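> Before I ask anything, let me first share the structure, which is written out below as structure tokens.
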Amino acid sequence: MKRTAYFLTSLLTLFWGFAKPTLALDSWNGFNSVKILKEYAVLQGINANTIAMLLLLPVIATLVSFLHYYVGLTGYGIFMPTMIAVIFLSTGVFGGITLFALILGISLISNAVLKKFKLHFWPARAINLVFIGIGVVLVWALASKYFKTDLSNIYAIMIMILLVEEFVRTQLIKSKNEAWSLTFGTLLLASLGAGMMNISIIQSWVLSNPDITVLSIIIANIVIGSYRGIRLTEIGRFAKAIRK
Amino acid sequence: MINFKKLKQFLTKNERNKVYLRKNKRSARLVADNKLKTKAILGKAGINVPKLIIRFRNVIELEKFKWEALEGNFVIKPASGYGGEGIVIVRRRGKYAGEWIKMDGTLISTQDLVSHCQEILAGKYSLHNIPDFVIVEERIKIHPMFLSITKAGTPDIRVIIYNKVPVMAMFRIPTEKSGGKANLQQGAIGLGIDLATGITTFGIEGKGNIIRKIYDYGKKKLRKVNGIKIPMWKEVMETSVKCQEAMPGLGFLGVDVVLDKEKGPAVLEVNARPGLSIQVCNRAGLKNRMDKLEEIEVRSMSHAITLSKYLFGEKFFEKVEEKEKVRTVGPLETIKIKTGKGKKNFKEVKAKIDTGAFRSSIDRGLAEELGMLAPERILYLRHYRSALGKNIDRPVIGLTFWLKDRKIMTAVNVADRKKLRTKFLLGRKDLEGFLITAKSNPSVLNLPVAKRHPSLTKEGLKTKIKK
């Protein structure tokens with residue numbers, strides 16, 4: 001398997017020689033298919049940023065993957081951290097976490113209130129959404145009076161509600177500790193992903209070399225997917241277990 | 001500094017997921033994940049399981065059931081739950097009708113029990129929230145030996161089995177923190193168990209906090225983690241191996257066993273994805289142990305248990321924490337080989353120390369004489385390259401002997417030592433904890449010395465040269 005990785009990496013280096021010089025739309029040499037597609041899409045009027053974002057999504061997912069299997073950082077799956085990382089790009093990491101804290105706070109209060117009614121799980125959640133809606137608008141209105149904030153990103157609100165939902169469910173079914181650690185892990189992974197995306201060098205590089213990006217993503221994930229070794233977080237755990 | 005070489009003995013999550021979980025066939029995994037199916041299969045194989053009182057497949061069956069018919073001592077669990085979720089343990093009836101007292105002492109009403117069952121049926125505790133069945137089974141009462149160790153729930157024993165052999169075991173004690181569940185992830189206490197004797201060794205709390213003492217409610221003080229003898233240990237091992245025999249599609253599994261005072265061990269559930277904290281509380285790696293089992297073909301249940309005892313048993317289980325007095329051995333020592341049950345059945349043999357050898361060796365003739373070459377005593381055959389460069393297959397047998405009053409249970413090679421001075425060779429593996437000196441113990445020096453041919457003695461050579 002290692003041999004395959006090395007072989008593919010050397011192929012990648014070959015591609016680099018071909019794809020690096022910028023090509024006009026007409027000259028397609030097989031190795032820059034994605035770039036051609038991107039240029040064509042832009043010519044048709046599709047927003048270049050959206051395309052860049054679509055390319056960056058798997059990059060973040062690869063980072064999350066790496067952090068999970070090599071370091072041992074866990075969150076709610078791989079798409080949650082990736083989505084939240086994208087959200088963080090528009091709200092900023094700090095703004096996003098504040099929004100999360102706000103929605104979490106409202107949810108916990110509404111849960112405490114609704115507990116007495118002993119409703120079924122889903123209707124209780126639906127009522128919870130009412131509280132969230134009112135709460136967010138209230139805080140937003142108050143905050144806009146004093147700060148200049150833009151919480152109008154409805155997608156940010158929806159995804160944060162999703163995360164809080166996961167938190168509440170884990171807390172109910174498993175344990176509070178697990179809920180907190182998974183949620184914290186998700187936010188941490190998202191922050192790291194957003195941070196990586198924000199580095200302008202990476203952004204411009206991915207935009208100008210989409211083919212290499214695609215290939216690198218695939219190779220990187222093949223390598224990560226075959227990793228059989230120890231995770232960083234496990235080292236501490238097992239080091240304690242070694243007999244002297 | 002962290003010894004990275006020693007870290008390799010442990011099974012990591014990545015490797016478990018990638019390599020070892022694949023040893024379980026999908027069909028077998030589905031059965032193991034479903035407690036109802038597991039119960040049925042194990043019951044058919046004659047293995048003791050907690051008696052099923054009733055099961056609810058849908059709301060209609062739930063509504064039909066008259067809870068007042070129960071006296072108490074029952075457990076409600078989701079058929080597909082894992083990690084101890086969704087389990088409600090009811091001890092007995094409360095003072096008033098319609099009330100019950102749970103294991104932790106709190107009250108619960110019949111309506112609450114019904115609601116809980118409805119939630120289980122709706123899939124609250126199952127993977128992906130798929131609708132699930134409800135199991136109501138008898139509550140296994142805590143073994144009196146463990147009454148002083150826990151007040152929160154019923155402790156259980158988890159045995160990990162690989163290639164049909166028990167490789168590691170731990171004793172799980174529920175705590176208040178874990179909500180009465182014997183689940184390490186939720187905060188329960190785990191104690192490693194020596195597979196040979198059933199005595200606990202080291203302890204952890206939760207996923208990795210090392211503990212050395214636990215609270216004894218009987219004596220009202222802290223007691224050492226090491227030294228608790230699990231009753232019916234042999235039966236526990238046998239039950240676990242039988243479980244794997246009943247579910248042959250599982251190559252790597254964990255069996256959760258609970259001890260019933262009268263009926264013996266009962267299997268609570270079979271886990272197709274056992275966790276890795278068991279290595280921390282045993283201070284030993286699963287990978288090392290499982291590697292040793294790779295080439296071995298297990299013949300029967302007793303073979304499996306013998307392998308487990310001799311390959312993985314702790315050497316000095318009673319003295320795990322104690323600072324030992326260093327014992328010295330000389331190049332030649334007398335050992336007492338155990339030939340039967342009881343302290344009187346042993347044979348004294350002269351043994352030579354050989355630090356160049358890893359494993360100890362016993363002469364084939366001696367082994368036959370002691371009745372140790374019977375097929376059931378042979379653990380496996382080992383490919384060997386002797387000092388002379390010959391490639392042979394030597395049988396490896398398990399045996400117990402005493403060296404300087406220290407009991408050693410180990411696996412030894414059977415070799416042809418007919419022409420050698422001593423019938424037993426002590427290798428590095430069994431010399432752990434001994435200090436080797438060059439001075440021989442005088443009482444052992446009376447060995448027959450090989451006689452030289454007359455022509456090769458000093459006189460003989462002189463006469464030769466003179467010619």
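Within each chain, counting starts at residue 1; across the structure tokens, chains are named A, B, ... in the order shown, with ligands numbered 1 upward in that order.
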Looking only at the backbone, which of the residues in region 63-164 of chain B does DSSP tag as strand (DSSP E or B), as a PyMOL selection string?

chain B and resi 72-78+88-93+99-102+107-109+134-138+156-162

> Chain B residues within 6 Å of chain A, counting only C-alpha atoms: which ones, as a list in words?

Thr12, Asn14, Glu15, Val280 and Arg283 of chain B

> Would you write out those residues with N, CA and C atoms, as a PDB file, in the first residue's frame?


```pdb
ATOM      1  N   THR B  12      -3.885  -0.466  19.180  1.00  0.00           N
ATOM      2  CA  THR B  12      -4.405   0.888  19.074  1.00  0.00           C
ATOM      3  C   THR B  12      -5.772   0.845  18.408  1.00  0.00           C
ATOM      4  N   ASN B  14      -6.869   2.442  15.853  1.00  0.00           N
ATOM      5  CA  ASN B  14      -6.783   2.334  14.401  1.00  0.00           C
ATOM      6  C   ASN B  14      -6.598   0.893  13.962  1.00  0.00           C
ATOM      7  N   GLU B  15      -5.684   0.209  14.658  1.00  0.00           N
ATOM      8  CA  GLU B  15      -5.419  -1.165  14.250  1.00  0.00           C
ATOM      9  C   GLU B  15      -6.594  -2.065  14.576  1.00  0.00           C
ATOM     10  N   VAL B 280      -5.075  -1.053  29.759  1.00  0.00           N
ATOM     11  CA  VAL B 280      -4.499  -0.157  30.751  1.00  0.00           C
ATOM     12  C   VAL B 280      -4.644  -0.764  32.140  1.00  0.00           C
ATOM     13  N   ARG B 283      -2.186  -3.546  32.472  1.00  0.00           N
ATOM     14  CA  ARG B 283      -0.811  -3.113  32.178  1.00  0.00           C
ATOM     15  C   ARG B 283      -0.136  -4.089  31.222  1.00  0.00           C
TER      16      ARG B 283
END
```

> Excluding same-chain residues fewer than 2 positions from region 223-232 of chain B, what lies within 7 Å of it counting only C-alpha atoms, as a PDB file with C-alpha atoms, in the first residue's frame?


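Generated output (out-v2.pdb):
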```
ATOM      1  CA  GLY B 198      -8.547 -15.001  38.659  1.00  0.00           C
ATOM      2  CA  ILE B 199      -6.900 -12.559  41.049  1.00  0.00           C
ATOM      3  CA  THR B 200      -7.056  -8.854  40.318  1.00  0.00           C
ATOM      4  CA  THR B 201      -3.858  -6.998  39.519  1.00  0.00           C
ATOM      5  CA  PHE B 202      -4.062  -3.280  38.649  1.00  0.00           C
ATOM      6  CA  GLY B 203      -6.856  -0.760  38.526  1.00  0.00           C
ATOM      7  CA  ARG B 212      -4.278   1.840  43.547  1.00  0.00           C
ATOM      8  CA  LYS B 213      -6.983   1.563  46.152  1.00  0.00           C
ATOM      9  CA  ILE B 214     -10.716   1.183  46.203  1.00  0.00           C
ATOM     10  CA  TYR B 215     -13.132   1.699  49.023  1.00  0.00           C
ATOM     11  CA  ASP B 216     -14.269  -1.334  50.976  1.00  0.00           C
ATOM     12  CA  LYS B 221     -11.576   1.726  54.628  1.00  0.00           C
ATOM     13  CA  LYS B 234     -12.499 -21.476  35.982  1.00  0.00           C
ATOM     14  CA  GLU B 235     -16.210 -21.479  35.192  1.00  0.00           C
ATOM     15  CA  VAL B 236     -16.019 -17.877  34.020  1.00  0.00           C
ATOM     16  CA  GLU B 318       0.531 -12.046  44.604  1.00  0.00           C
TER      17      GLU B 318
END
```

> What does the structure give for the distance between CA of Ile76 (chain B) and CA of Asp156 (chain B), in Å to one decimal?

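These two atoms are separated by 17.4 Å.
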
> Neighbours of Ile60 (chain A) within 12 Å (only C-alpha atoms; same-chain residues fewer than 4 positions away dropped), as an mmCIF file with C-alpha atoms, in the first residue's frame?


```cif
data_model
loop_
_atom_site.group_PDB
_atom_site.id
_atom_site.type_symbol
_atom_site.label_atom_id
_atom_site.label_comp_id
_atom_site.auth_asym_id
_atom_site.auth_seq_id
_atom_site.Cartn_x
_atom_site.Cartn_y
_atom_site.Cartn_z
ATOM 1 C CA MET A 53 -15.289 26.736 -1.523
ATOM 2 C CA LEU A 54 -16.390 23.465 -3.083
ATOM 3 C CA LEU A 55 -12.760 22.563 -3.643
ATOM 4 C CA LEU A 56 -11.805 23.586 -0.145
ATOM 5 C CA VAL A 64 -10.325 16.681 10.059
ATOM 6 C CA SER A 65 -9.676 13.103 8.999
ATOM 7 C CA PHE A 66 -5.975 13.465 9.686
ATOM 8 C CA LEU A 67 -6.575 15.014 13.080
ATOM 9 C CA ILE A 78 -16.576 14.573 9.589
ATOM 10 C CA PHE A 79 -19.179 16.760 7.903
ATOM 11 C CA MET A 80 -20.244 18.668 10.993
ATOM 12 C CA PRO A 81 -16.770 20.097 11.628
ATOM 13 C CA THR A 82 -16.389 20.818 7.925
ATOM 14 C CA MET A 83 -19.725 22.665 7.663
ATOM 15 C CA ILE A 84 -19.023 24.604 10.810
ATOM 16 C CA ALA A 85 -15.571 25.534 9.498
ATOM 17 C CA VAL A 86 -17.243 27.049 6.443
ATOM 18 C CA LEU A 189 -11.752 20.859 14.531
ATOM 19 C CA ALA A 190 -13.905 23.478 12.824
ATOM 20 C CA SER A 191 -11.705 26.277 14.163
ATOM 21 C CA LEU A 192 -8.574 24.549 12.918
ATOM 22 C CA GLY A 193 -10.205 23.974 9.554
ATOM 23 C CA ALA A 194 -11.313 27.579 9.291
ATOM 24 C CA GLY A 195 -7.872 28.761 10.322
ATOM 25 C CA MET A 196 -6.278 26.676 7.619
ATOM 26 C CA MET A 197 -8.701 27.916 5.009
ATOM 27 C CA ASN A 198 -8.014 31.496 5.958
ATOM 28 C CA ILE A 202 -3.618 28.124 0.555
ATOM 29 C CA GLN A 203 -6.690 29.782 -0.873
ATOM 30 C CA THR A 213 -5.450 19.683 -5.132
ATOM 31 C CA ILE A 217 -6.709 15.031 -1.485
ATOM 32 C CA ALA A 220 -3.690 11.969 1.352
ATOM 33 C CA ASN A 221 -6.898 10.200 2.250
#
```

> Please extract the residues of region 5-243 of chain A with a backbone DSSP assignment of alpha helix (DSSP H) and present them as a ChimeraX atom specification.

/A:5-19,33-43,48-66,79-91,93-114,121-146,154-173,176-198,200-208,210-225,232-239
